[in-house]
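A quick write-up on the structure given underneath.
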Amino acid sequence: MVEPDDDAAVAVVGLAVRVPGADRDLDRFWHHVVHGIDAVSFFTPEQLLGWGVPKDLVEHPDFVPARAVLESADRFDHRLFSYSPSDSALMDPQQRVLLECAWAALEHAGQPPVAADGNRIGVYVGTGLNVYLLDNVWPNQRAVEAAGGLGLIIGSDKDFAATRIAYKLNLQGPAVTVQAACSTSLVAVHQAVQALLTYDADVALAGAATVAPPTRRGHRYEPGGIFSADGRCRAFDAAADGTVPGDGAGVVVLKRLADARRDGDTVHAVVRGSAINNDGLRKAGFTAPGPTGQAAVISAALEVAGVDPDTVGLIETHGTGTALGDPIEVAALRQVFDSDRPDRAPCALGAVKSVVGHLDTAAGVIGLVKTVLALKHRTVPPIAHLSTPNPRVELTGSVFDLPVAARPWTPIDGVLRAGVSAFGIGGTNAHVVLEAAPDPASRRRRHVTELVLVSAKTATAAQDSVDRAVDFVARTAPGDLADVAYTLRTGRTELPWRAAFLTGRHAPAAGTGAPGPPVRQVDAKARARGVGLYLTAAGELTGNRPNYDADPVYRATADEGAALLRGQPLDEPARERVTRLVACVGLARSLRGRGIAPRELAGTGLGLLAGAVVAGVLTLPEAVALLRGDRDPARPGPVELPLRAAGGEPLTDAECADPTRWRAAALAPAAPQPLPPDADRLLWIEVGTSVTPRFGPDPAALPTDRHARLLATVGALWQLGLAGPWDPAYDTGRRRVPAPTYPFAATRHYLDAPATHLDTERHH
């Protein structure tokens with residue numbers, strides 16, 4: 001067997017789910033998995049009839065009023081995705097759920113959900129049957145007529161599940177809807193992996209959603225059929241008699257492992273290999289499972305992965321808990337994994353359907369997410385409801401065991417590996433081989449103040465976002481705050497309602513009930529005015545060590561200035577003037593490096609000389625030479641930014657080329673002056689040996705720490721919409737890490753099915 005090849009490995013870098021009992025919460029989902037907590041709900045006849053379930057079905061003796069359901073599946077954040085309420089109500093709820101999962105998965109991966117042009121992000125997703133169209137939309141004649149034929153198709157057809165996501169999130173790689181019944185989402189994962197390895201895409205989303213309306217909250221039990229008699233899925237148990245339908249969705253974000261490492265992504269697990277096939281005629285019937293096809297697809301995935309079956313410690317099975325399916329699945333597994341190795345460690349079987357029910361098209365990706373979490377937690381989870389192993393499942397002499405309680409996962413040959421299976425009605429089989437993520441390289445990082453930026457589509461969502469971010473930051477180790485701040489700044493789409501806050505001793509109090517950082521909307525008038533830097537070089541000389549330690553752009557300027565002074569016979573006043581000049585230039589460059597693009601520079605005294613450096617008229621060595629007393633070292637260049645002396649008109653290129661002006665500025669004092677007479681044209685930031693905004697908040701309320709003061713100024717401008725991307729120097733060595741994702745401000749958009757009533761027939 002070929003050894004695993006890192007060049008052919010794919011990283012799982014982002015996860016998002018909607019699962020019964022845990023909704024979007026990955027930690028809660030894992031808690032349910034590791035404790036075997038069942039998420040199936042049971043319903044009363046009154047509830048079912050009120051939802052429109054036919055009365056004769058509710059009263060049938062074999063009807064089982066059970067389903068694993070999602071909270072708020074009737075709700076959707078239409079504002080975030082710019083849909084009207086009427087279009088939202090017509091749209092298949094499965095596609096709405098998928099759209100939100102795609103957004104959340106990209107954020108979990110530290111990728112802005114609305115991507116920049118030129119991206120190569122692919123989408124491979126599927127959905128279940130659109131029962132909402134049949135049960136809820138068609139009976140609503142008024143809504144159908146208002147929508148028109150094309151509008152109804154666009155909102156309802158499976159064909160648009162992937163392209164809708166690509167359109168709304170500006171994803172410009174392949175966008176393909178995948179349909180393979182119960183194996184849909186794991187087939188989508190395989191196709192996404194192939195797209196990455198063939199360079200059709202650089203990042204790929206894969207997953208599926210199955211969500212049925214309340215009219216389908218129950219099923220008819222048929223002996224020997226797929227659905228359980230009592231609403232419990234008991235995979236591999238002697239009492240197993242079927243599975244339970246459920247609603248759910250999942251999306252994973254995949255990336256070539258080498259690229260993920262290069263880009264500083266958090267790798268949650270590694271896909272070593274995957275395969276898909278079909279049973280063809282090698283089974284008893286169209287809906288029956290086929291052991292030959294199952295064994296073949298698992299063997300193929302292992303071969304692609306270059307993985308020895310003896311090193312696999314967990315198999316997440318299709319695990320439907322049916323009388324026919326479980327024994328066939330184990331028989332197929334034994335064809336691949338039975339081993340003569342005397343020290344072969346046991347391989348545990350898993351079955352997430354015993355917790356969340358059978359999620360149909362989403363079953364495979366939820367099994368994948370569960371297994372990724374098991375690898376991260378290094379824990380073998382139990383199979384829920386397992387008390388007595390099914391005697392028809394032949395485990396004697398096999399490598400497999402059925403865990404009834406969570407246990408630590410011991411590596412085999414130094415590695416944790418797992419397989420995930422999904423087998424669809426119709427015979428399309430899929431298998432994925434997973435491996436634990438490599439340990440991230442340890443890093444030492446200075447604990448400095450960071451700026452955290454949060455935005456949302458509405459004020460309410462923004463306040464929710466910032467409150468969650470404050471709590472998250474308070475629980476984050478100081479050494480990880482730089483990565484969190486970087487992820488929230490670069491891995492989110494910038495939206496109009498914004499908040500900014502500092503970490504460390506300047507952080508807002510978390511969990512106190514006190515008002516959080518203020519939320520405000522981007523200000524169109526402020527953006528139209530723009531920013532100006534008013535350079536004075538005035539202020540206290542000491543106090544910029546925090547900027548030096550935390551700010552690579554400032555540090556580069558300070559180091560350049562120190563090198564220019566080294567060995568120079570200057571008196572103390574001259575050295576002080578050079579220090580002021582360097583601090584002023586460094587802070588101005590730092591502001592620009594953090595996305596502040598001034599429309600104009602104004603300078604007074606020594607600050608005008610600093611302005612000449614920032615505007616590109618002089619280099620820093622030329623300006624320092626003037627301060628040393630050199631008669632004419634400068635060869636002024638053309639002005640790159642409008643520059644003027646305070647109170648005057650912008651200097652022309654000819655005026656900038658006059659060296660006498662700069663010799664005079666070198667001799668001028670460094671002292672604050674009033675802002676230019678027409679200062680209200682721009683939002684001014686005074687730059688001396690520290691930064692003082694001359695707009696908005698009272699400068700006295702800003703931090704006294706100069707680095708924190710600069711960051712607070714940048715944050716205030718970003719809230720107004722006046723700060724752009726930062727210089728890459730600030731992001732060197734930073735990693736994308738999981739951080740709070742968007743708090744979807746969902747509103748109910750749903751056409752209810754006509755209700756039935758218990759007493760309808762009794763009155764006729």
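We name chains A, B, ... following the order of the structure tokens; residues begin at 1 in each chain, and ligands are numbered from 1 as shown.
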Next item on the list: Could you find all residues in stretch 372-453 of chain A that DSSP calls alpha helix (DSSP H) from the backbone, and write them as JSON, numbers by chain?
Entry: {"A": [372, 373, 374, 375, 376, 377]}
Selection export as a tab-separated table (two decimals), in the first residue's frame, atoms kept: all heavy atoms:
chain	number	residue	atom	x	y	z
A	372	VAL	N	-14.71	14.34	13.08
A	372	VAL	CA	-13.70	15.40	13.23
A	372	VAL	C	-13.62	15.83	14.70
A	372	VAL	O	-12.52	15.99	15.25
A	372	VAL	CB	-14.03	16.59	12.32
A	372	VAL	CG1	-13.17	17.80	12.68
A	372	VAL	CG2	-13.84	16.22	10.86
A	373	LEU	N	-14.77	16.00	15.34
A	373	LEU	CA	-14.78	16.39	16.75
A	373	LEU	C	-14.18	15.29	17.63
A	373	LEU	O	-13.47	15.58	18.60
A	373	LEU	CB	-16.20	16.73	17.19
A	373	LEU	CG	-16.85	17.93	16.50
A	373	LEU	CD1	-18.29	18.09	16.96
A	373	LEU	CD2	-16.07	19.21	16.78
A	374	ALA	N	-14.46	14.04	17.30
A	374	ALA	CA	-13.88	12.94	18.06
A	374	ALA	C	-12.36	12.95	17.94
A	374	ALA	O	-11.64	12.72	18.93
A	374	ALA	CB	-14.44	11.61	17.57
A	375	LEU	N	-11.84	13.22	16.75
A	375	LEU	CA	-10.39	13.31	16.56
A	375	LEU	C	-9.81	14.47	17.35
A	375	LEU	O	-8.75	14.35	17.98
A	375	LEU	CB	-10.08	13.46	15.07
A	375	LEU	CG	-10.26	12.22	14.20
A	375	LEU	CD1	-10.31	12.59	12.72
A	375	LEU	CD2	-9.13	11.22	14.45
A	376	LYS	N	-10.50	15.63	17.31
A	376	LYS	CA	-10.00	16.79	18.05
A	376	LYS	C	-9.97	16.53	19.56
A	376	LYS	O	-9.05	16.94	20.26
A	376	LYS	CB	-10.87	18.03	17.76
A	376	LYS	CG	-10.63	18.64	16.39
A	376	LYS	CD	-11.58	19.79	16.12
A	376	LYS	CE	-11.30	20.98	17.02
A	376	LYS	NZ	-10.04	21.66	16.71
A	377	HIS	N	-11.01	15.86	20.06
A	377	HIS	CA	-11.10	15.58	21.49
A	377	HIS	C	-10.39	14.28	21.88
A	377	HIS	O	-10.36	13.95	23.07
A	377	HIS	CB	-12.57	15.51	21.91
A	377	HIS	CG	-13.28	16.82	21.88
A	377	HIS	ND1	-13.18	17.74	22.90
A	377	HIS	CD2	-14.08	17.39	20.94
A	377	HIS	CE1	-13.91	18.81	22.61
A	377	HIS	NE2	-14.47	18.63	21.42
What are the nearest atom pairs, with distances in Å to one decimal, for all residues of stretch 508-560 of chain A that come at most 10 Å from stretch 576-591 of chain A, using only C-alpha atoms, set out by chain and rising residue number as JSON lines?
{"residue": "A:Leu533", "atom": "CA", "partner": "A:Ala588", "partner_atom": "CA", "distance": 7.5}
{"residue": "A:Tyr534", "atom": "CA", "partner": "A:Ala588", "partner_atom": "CA", "distance": 9.4}
{"residue": "A:Leu535", "atom": "CA", "partner": "A:Cys584", "partner_atom": "CA", "distance": 7.0}
{"residue": "A:Thr536", "atom": "CA", "partner": "A:Cys584", "partner_atom": "CA", "distance": 7.5}
{"residue": "A:Ala537", "atom": "CA", "partner": "A:Cys584", "partner_atom": "CA", "distance": 5.2}
{"residue": "A:Ala538", "atom": "CA", "partner": "A:Arg580", "partner_atom": "CA", "distance": 7.2}
{"residue": "A:Gly539", "atom": "CA", "partner": "A:Arg580", "partner_atom": "CA", "distance": 8.4}
{"residue": "A:Glu540", "atom": "CA", "partner": "A:Arg580", "partner_atom": "CA", "distance": 9.0}
{"residue": "A:Leu541", "atom": "CA", "partner": "A:Arg580", "partner_atom": "CA", "distance": 6.9}
{"residue": "A:Thr542", "atom": "CA", "partner": "A:Thr579", "partner_atom": "CA", "distance": 9.9}
{"residue": "A:Asn544", "atom": "CA", "partner": "A:Ala583", "partner_atom": "CA", "distance": 8.0}
{"residue": "A:Asn547", "atom": "CA", "partner": "A:Leu587", "partner_atom": "CA", "distance": 8.5}
{"residue": "A:Tyr548", "atom": "CA", "partner": "A:Gly586", "partner_atom": "CA", "distance": 9.5}
{"residue": "A:Asp551", "atom": "CA", "partner": "A:Ser590", "partner_atom": "CA", "distance": 7.4}
{"residue": "A:Pro552", "atom": "CA", "partner": "A:Ser590", "partner_atom": "CA", "distance": 8.4}
{"residue": "A:Val553", "atom": "CA", "partner": "A:Ser590", "partner_atom": "CA", "distance": 5.6}
{"residue": "A:Tyr554", "atom": "CA", "partner": "A:Gly586", "partner_atom": "CA", "distance": 4.6}
{"residue": "A:Arg555", "atom": "CA", "partner": "A:Gly586", "partner_atom": "CA", "distance": 7.6}
{"residue": "A:Ala556", "atom": "CA", "partner": "A:Gly586", "partner_atom": "CA", "distance": 8.1}
{"residue": "A:Thr557", "atom": "CA", "partner": "A:Gly586", "partner_atom": "CA", "distance": 5.3}
{"residue": "A:Ala558", "atom": "CA", "partner": "A:Val582", "partner_atom": "CA", "distance": 6.2}
{"residue": "A:Asp559", "atom": "CA", "partner": "A:Val582", "partner_atom": "CA", "distance": 9.3}
{"residue": "A:Glu560", "atom": "CA", "partner": "A:Val582", "partner_atom": "CA", "distance": 8.6}
Checklist line | Residue neighbourhood A:Val531, 12 Å, only C-alpha atoms, exclusion window fewer than 5 positions, as a PyMOL selection string | finding: chain A and resi 525-526+591-592+595-602+679-686+693-695+713-714+716-718+720-723
Given only C-alpha atoms, how would the per-residue table for stretch 57-92 of chain A near stretch 134-145 of chain A read, listing every residue at most 9 Å away with its closest atom pair and distance in Å to one decimal, sorted by chain and number, as a Markdown table?
| residue | atom | partner | partner_atom | distance |
| --- | --- | --- | --- | --- |
| A:Ser86 | CA | A:Ala143 | CA | 8.4 |
| A:Ala89 | CA | A:Val137 | CA | 8.8 |
| A:Leu90 | CA | A:Val137 | CA | 6.9 |
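Using only C-alpha atoms, the shortest contact distance between A:Leu106 and any of A:Thr487, A:Ser354, A:Thr732, A:Thr476 is found at A:Thr487.
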Item checked: Shell of 12 Å around A:Val125, only C-alpha atoms, local chain residues under 5 positions omitted, as number ranges by chain -> A: 94-95, 97-99, 101-102, 158-166, 174-180, 183-192, 204-210, 249-253, 361-362, 364-365
Could those selected residues go to a file with C-alpha atoms, as a short mmCIF file (atom, residue, chain, number, x, y, z; two decimals), in the first residue's frame?
data_model
loop_
_atom_site.label_atom_id
_atom_site.label_comp_id
_atom_site.auth_asym_id
_atom_site.auth_seq_id
_atom_site.Cartn_x
_atom_site.Cartn_y
_atom_site.Cartn_z
CA GLN A 94 -33.52 23.58 3.15
CA GLN A 95 -31.78 26.06 0.87
CA VAL A 97 -30.56 26.66 6.09
CA LEU A 98 -27.75 25.74 3.69
CA LEU A 99 -27.11 29.39 2.89
CA CYS A 101 -24.51 27.16 7.13
CA ALA A 102 -22.26 28.16 4.23
CA LYS A 158 -32.84 21.61 -6.03
CA ASP A 159 -30.79 22.71 -9.05
CA PHE A 160 -30.19 26.10 -7.45
CA ALA A 161 -28.91 24.96 -4.03
CA ALA A 162 -25.23 25.39 -4.93
CA THR A 163 -25.54 28.30 -7.33
CA ARG A 164 -27.64 30.28 -4.83
CA ILE A 165 -24.78 30.04 -2.32
CA ALA A 166 -22.22 30.94 -4.99
CA PRO A 174 -17.41 25.38 -9.42
CA ALA A 175 -20.93 25.37 -7.96
CA VAL A 176 -22.57 21.96 -8.33
CA THR A 177 -25.72 20.55 -6.77
CA VAL A 178 -25.13 16.92 -5.72
CA GLN A 179 -27.94 14.38 -5.29
CA ALA A 180 -27.37 10.79 -4.16
CA SER A 183 -25.08 9.58 0.75
CA THR A 184 -25.47 13.02 -0.84
CA SER A 185 -23.36 15.07 1.54
CA LEU A 186 -20.48 12.58 1.77
CA VAL A 187 -20.47 12.31 -2.03
CA ALA A 188 -20.32 16.13 -2.03
CA VAL A 189 -17.28 15.95 0.27
CA HIS A 190 -15.60 13.52 -2.13
CA GLN A 191 -16.31 15.77 -5.11
CA ALA A 192 -14.98 18.80 -3.23
CA ALA A 204 -14.36 24.12 -1.35
CA LEU A 205 -17.60 23.94 0.63
CA ALA A 206 -19.39 20.61 0.88
CA GLY A 207 -22.55 19.52 2.64
CA ALA A 208 -26.31 19.15 2.47
CA ALA A 209 -29.57 19.92 4.23
CA THR A 210 -32.73 17.95 4.83
CA ALA A 249 -27.67 20.33 7.79
CA GLY A 250 -23.94 20.57 7.73
CA VAL A 251 -21.26 22.28 5.66
CA VAL A 252 -17.51 21.77 5.86
CA VAL A 253 -14.81 23.97 4.37
CA THR A 361 -28.97 13.95 2.54
CA ALA A 362 -27.12 15.56 5.48
CA GLY A 364 -22.91 11.80 5.84
CA VAL A 365 -21.56 15.28 6.55
#
